[in-house]
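**Student:** Here it is, the structure, as structure tokens.
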Amino acid sequence: MSETSGDLGATWRRAGGIAGAAVGVLAAGAAAGVAVERLTVGRGMRKKARLALDASGPYGSLRGMPGRAVADDGTEIYYEADEVEPDGNGSRKRRLFGRKAPAPVTVVFSHGYCLNQDSWHFQRAALRGVVRTVHWDQRSHGRSERGRAQVAGQPVSIDQLGRDLKAVIDAAAPEGPLVLVGHSMGGMTVMALGEQFPEVVRERVVGVAFVGTSCGKLGEVNFGLPVAGVNAVRRVLPGVLKALGSQAELVEKGRRATADLFAGLIKRYSFGSRDVDPAVARFAERLIEGTPIDVVAEFYPAFTEHDKADALQIFAEVPVLVLAGDRDLVTPSSHSEEIAELLPEAELVIVPDGGHLVMLEHPEAVMDRIADLLARVGAVP
């Protein structure tokens with residue numbers, strides 16, 4: 001073995017040792033389920049099942065008209081627009097008295113951490129042809145370019161994500177009313193947009209939906225762990241992620257080798273009910289597995305610094321939906337309740353047996369409430 005290989009191996013062992021401490025605490029509950037599964041289902045059979053689900057599952061297959069926005073640091077942000085159906089004459093632009101009709105309402109969906117625009121699959125399917133929608137991939141996620149500022153060594157901030165959303169709006173929906181829908185990190189992105197561009201909210205935003213998100217105090221979340229466990233995770237996790245992010249290639253190999261364990265972790269922290277459709281659970285795995293470990297590492301510190309409680313007041317004059325699962329371990333429903341307290345006119349909905357990915361786990365409940373919001377603001381009949 002060369003000296004370089006030896007150094008890499010030592011680094012990997014050190015990172016792996018640290019990671020074992022943190023992941024071991026997080027995985028305690030999930031590992032038990034994985035162990036039982038191994039007693040009853042062979043690894044080969046599980047692999048075949050995953051391949052079958054990947055090949056046949058329709059989730060994440062919806063595509064729209066592609067486009068790219070350019071962020072203020074030059075990063076190219078990928079988005080897709082789903083237009084409304086043509087009218088009876090085959091024209092998308094009806095004219096009134098010789099003038100073009102007002103621009104339609106556009107619903108802009110912002111996804112969460114370690115996901116991409118496909119996480120809104122069910123809501124996207126329900127709204128196709130009914131209302132104009134825009135789905136985009138946050139920087140360094142999905143089909144968007146890796147953040148150029150981050151490549152240059154600058155940390156990610158929620159404020160940067162808010163400016164990215166403004167770039168997407170300017171490119172994909174430069175005119176007309178807007179409804180902004182954000183899940184988790186996407187909800188924080190909407191808050192950052194409002195804080196930095198209040199004129200956009202005042203002049204164009206007619207409705208907002210905050211799904212499974214938070215306006216701050218994320219450093220106090222216990223992830224469903226006992227006090228000793230959560231304190232251990234908080235103490236070592238930042239260093240773990242930094243170490244793992246510096247050895248991305250080796251870590252990705254490790255993630256593949258421990259896919260069963262991580263599948264259990266993803267299920268535990270994504271869903272609140274036990275009877276989740278296996279195809280949906282596998283879809284969530286694919287979304288999260290698709291986020292490189294160095295991206296996971298560079299985004300994580302931004303959440304402990306996130307504080308947009310004061311910024312919420314910009315949304316006080318528009319209809320707001322605040323929705324969360326009652327078993328969300330990542331952004332607990334108490335955080336949604338706090339948002340609703342700061343926006344007393346908002347509609348608060350807590351979905352029973354709902355986890356962090358409530359829009360995938362209980363798509364009908366989420367879509368019903370979003371549809372009500374769109375009807376209230378006149379975006380749909």
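Residues are named by chain letter and number: chains run A, B, ... in the order of the structure tokens, numbers start at 1 in each chain, and ligands are numbered from 1 in the order shown.
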Could you list, as an NGL selection string, every residue within 7 Å of segment 127-130 of chain A, counting only C-alpha atoms and ignoring same-chain residues fewer than 6 positions away?

**Tutor:** :A and (82-85)

**Student:** Keeping all heavy atoms, export the residues of the selection given above as a short mmCIF file (atom, residue, chain, number, x, y, z; two decimals), in the first residue's frame.

**Tutor:**
```cif
data_model
loop_
_atom_site.label_atom_id
_atom_site.label_comp_id
_atom_site.auth_asym_id
_atom_site.auth_seq_id
_atom_site.Cartn_x
_atom_site.Cartn_y
_atom_site.Cartn_z
N ASP A 82 -44.87 23.15 -15.16
CA ASP A 82 -46.02 22.42 -15.69
C ASP A 82 -47.10 23.45 -16.01
O ASP A 82 -47.65 24.09 -15.11
CB ASP A 82 -46.56 21.42 -14.65
CG ASP A 82 -45.63 20.24 -14.46
OD1 ASP A 82 -44.65 20.13 -15.22
OD2 ASP A 82 -45.87 19.44 -13.54
N GLU A 83 -47.38 23.62 -17.30
CA GLU A 83 -48.34 24.62 -17.73
C GLU A 83 -49.77 24.09 -17.60
O GLU A 83 -50.00 22.88 -17.50
CB GLU A 83 -48.06 25.02 -19.19
CG GLU A 83 -46.65 25.53 -19.44
CD GLU A 83 -46.38 26.88 -18.82
OE1 GLU A 83 -47.36 27.54 -18.40
OE2 GLU A 83 -45.21 27.29 -18.73
N VAL A 84 -50.74 25.02 -17.62
CA VAL A 84 -52.13 24.61 -17.60
C VAL A 84 -52.49 24.06 -18.97
O VAL A 84 -51.81 24.31 -19.97
CB VAL A 84 -53.06 25.80 -17.26
CG1 VAL A 84 -52.82 26.25 -15.84
CG2 VAL A 84 -52.86 26.94 -18.22
N GLU A 85 -53.56 23.28 -19.01
CA GLU A 85 -53.99 22.68 -20.27
C GLU A 85 -54.43 23.78 -21.25
O GLU A 85 -54.99 24.81 -20.85
CB GLU A 85 -55.16 21.72 -20.02
CG GLU A 85 -54.76 20.47 -19.25
CD GLU A 85 -53.88 19.55 -20.06
OE1 GLU A 85 -53.90 19.67 -21.30
OE2 GLU A 85 -53.19 18.72 -19.46
#
```

**Student:** What does the distance from atom CA of Gly112 of chain A to atom CA of Val358 of chain A come to in Å, to one decimal?

**Tutor:**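 Here the two named atoms are 11.9 Å from each other.
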
**Student:** Can you tell me which residues surround segment 289-291 of chain A at a distance of at most 8 Å, considering only C-alpha atoms, apart from same-chain residues fewer than 5 positions away, and format the answer as a list of chain:residue names?

**Tutor:**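 Using only C-alpha atoms, the neighbours found are A:Cys114, A:Leu115, A:His141, A:Gly142, A:Val296.
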
**Student:** Could you name the residues that touch Leu342 of chain A at 9 Å or less, counting only C-alpha atoms, but leaving out those on the same chain fewer than 4 positions away, as a PyMOL selection string?

**Tutor:** chain A and resi 309-310+312-313+316+337-338+346

**Student:** Find the residues near Val70 of chain A: any atom within 9 Å, counting only C-alpha atoms, skip ones fewer than 4 places away on the same chain, and give them as a PyMOL selection string.

**Tutor:** chain A and resi 74-78+164+167-168+171
